[in-house]
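S.K.: Right, I'll just put the structure down here and ask away after.
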Amino acid sequence: MSKALELARKAEAVGEVPVGAVLVKDDQIIAEGWNQPITSHDATSHAEIMAMRAAGKKLNNYRLIDTTMYVTLEPCSMCVGAMIHARVSKVVYGAAEPRTGALGGAFNLLDANQHNHIFDVVSGVLADESKILLQDFFQSRRKK
């Protein structure tokens, strides 16, 4: 999660919402991502999506079986949906997202019985650090 926070700071440095993600397989980071929707002009360029895209290329497979996603902010429905399709095994996140979080913050997308894959979820890992980073970012934006 520390690496994901580092990547979130990288996003913040270029004016993006500070969210970072790393994807781990066999105790090794295989891919990383940070928010890039503003700079890439692509609404789908969330940290988690960027990490999954990089991992898919590295593994030559869109199925990311036996991987763990570490992300600083609770994923949205788009990212949770992508992780379900990619067969990510576990998601570990920092700060909860009460407005758009899809793993219990606003709602839990995994509660739908129709999915053919469900992953384990661990919440609150380095949550305070993640939350403070986001709060500071938005407070500085409001001042501008």
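Just remember, in the structure tokens the first chain shown is A, the second B, etc., residues are 1-based per chain, and ligands are 1-based in the order shown.
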Identify all residues of chain A in strand (DSSP E or B) (DSSP on the backbone) and supply them as an MDAnalysis selection string.
M.R.: chainID A and resid 20:25 28:34 67:73 90:95 103 108 120:123
S.K.: Identify which of the residues A:Lys90, A:Ala43, A:Glu48, A:His85 lies closest to Tyr62 in chain A, counting only C-alpha atoms when measuring atom-to-atom distances.
M.R.: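 That would be A:His85, the residue with the smallest distance to Tyr62 in chain A.
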S.K.: Residues of range 57-88 of chain A that have any atom at most 7 Å from an atom of range 11-22 of chain A: could you tabulate them with the shortest-distance atom pair and the distance in Å to one decimal, using only C-alpha atoms, ordered by chain and increasing number, as JSON lines?
M.R.:
{"residue": "A:Met69", "atom": "CA", "partner": "A:Val22", "partner_atom": "CA", "distance": 5.9}
{"residue": "A:Tyr70", "atom": "CA", "partner": "A:Val22", "partner_atom": "CA", "distance": 5.3}
{"residue": "A:Val71", "atom": "CA", "partner": "A:Ala21", "partner_atom": "CA", "distance": 4.2}
{"residue": "A:Thr72", "atom": "CA", "partner": "A:Val19", "partner_atom": "CA", "distance": 5.7}
{"residue": "A:Leu73", "atom": "CA", "partner": "A:Val19", "partner_atom": "CA", "distance": 6.3}
S.K.: Here is a test: counting only C-alpha atoms, which residue of A:Leu64, A:Leu23, A:Cys76, A:Ile29 is nearest to Ala106 in chain A?
M.R.: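 The shortest atom-to-atom distance to Ala106 in chain A comes from A:Cys76.
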S.K.: Could you tell me which of A:Gln28, A:Asn35, A:Ser40, A:Asn116 comes closest to Thr67 in chain A if we count only C-alpha atoms?
M.R.: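 Using only C-alpha atoms, Thr67 in chain A sits closest to A:Gln28.
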S.K.: Would you pick out the contacts of His115 in chain A at 12 Å or less, using only C-alpha atoms, so that residues sharing its chain but fewer than 2 positions from it are not included, and give the list as a list in words?
M.R.: Val80, Gly81, Ala82, Met83, Ile84, His85, Arg87, Leu109, Leu110, Asp111, Ala112, Asn113, His117, Ile118 and Phe119 of chain A
S.K.: Output N, CA and C atoms for every residue in the selection just made, as a compact mmCIF listing (two decimals), in the first residue's frame.
M.R.:
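result.txt was written with the following content:
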# COMPACT_ATOMS: atom_id res chain seq x y z
N VAL A 80 -14.52 -1.94 -10.07
CA VAL A 80 -14.92 -3.22 -9.50
C VAL A 80 -15.37 -4.16 -10.61
N GLY A 81 -16.16 -3.67 -11.54
CA GLY A 81 -16.60 -4.49 -12.67
C GLY A 81 -15.44 -5.03 -13.47
N ALA A 82 -14.45 -4.18 -13.73
CA ALA A 82 -13.27 -4.63 -14.48
C ALA A 82 -12.50 -5.69 -13.70
N MET A 83 -12.41 -5.52 -12.38
CA MET A 83 -11.69 -6.50 -11.57
C MET A 83 -12.42 -7.83 -11.52
N ILE A 84 -13.75 -7.78 -11.55
CA ILE A 84 -14.52 -9.02 -11.62
C ILE A 84 -14.23 -9.73 -12.94
N HIS A 85 -14.28 -9.01 -14.05
CA HIS A 85 -14.02 -9.62 -15.36
C HIS A 85 -12.58 -10.13 -15.48
N ARG A 87 -10.83 -11.32 -13.08
CA ARG A 87 -10.65 -12.40 -12.11
C ARG A 87 -9.57 -12.08 -11.07
N LEU A 109 -21.12 -3.75 -5.00
CA LEU A 109 -21.38 -4.43 -6.27
C LEU A 109 -21.21 -5.94 -6.15
N LEU A 110 -20.43 -6.38 -5.19
CA LEU A 110 -20.23 -7.82 -5.02
C LEU A 110 -21.44 -8.52 -4.42
N ASP A 111 -22.39 -7.75 -3.91
CA ASP A 111 -23.61 -8.34 -3.35
C ASP A 111 -24.53 -8.92 -4.42
N ALA A 112 -24.34 -8.53 -5.66
CA ALA A 112 -25.17 -9.05 -6.75
C ALA A 112 -24.84 -10.53 -6.95
N ASN A 113 -25.85 -11.35 -6.95
CA ASN A 113 -25.64 -12.80 -7.08
C ASN A 113 -25.35 -13.26 -8.50
N HIS A 117 -17.74 -14.40 -10.67
CA HIS A 117 -16.49 -14.31 -9.92
C HIS A 117 -16.67 -13.27 -8.82
N ILE A 118 -16.19 -13.58 -7.66
CA ILE A 118 -16.19 -12.66 -6.52
C ILE A 118 -14.78 -12.68 -5.95
N PHE A 119 -14.32 -11.53 -5.48
CA PHE A 119 -12.99 -11.49 -4.88
C PHE A 119 -13.08 -11.09 -3.41
S.K.: Looking only at the backbone, which of the residues in chain A does DSSP tag as helix (DSSP H, G or I), as number ranges by chain?
M.R.: A: 2-13, 37-40, 47-59, 77-86, 109-111, 127-143
S.K.: Check the smallest atom-to-atom distance from each of A:Thr100, A:Asn60, A:Thr68, A:Thr39 to Asp120 in chain A using only C-alpha atoms, then report the winner.
M.R.: A:Thr68
S.K.: Separation of CA of Ala95 in chain A and CA of Lys131 in chain A, in Å?
M.R.: 5.4 Å
S.K.: How far is it from CA of Leu126 in chain A to CA of Val91 in chain A, in Å with one decimal?
M.R.: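 Result for CA of Leu126 in chain A versus CA of Val91 in chain A: 13.8 Å, one decimal.
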S.K.: Applying 7 Å and only C-alpha atoms, which residues near Leu5 in chain A remain after dropping the ones on its own chain fewer than 3 positions away? List them as a count of residues only.
M.R.: 7
S.K.: What separation in Å, quoted to one decimal, exists between CA of Ala127 in chain A and CA of Arg99 in chain A?
M.R.: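 Rounded to one decimal, the two atoms are 16.2 Å apart.
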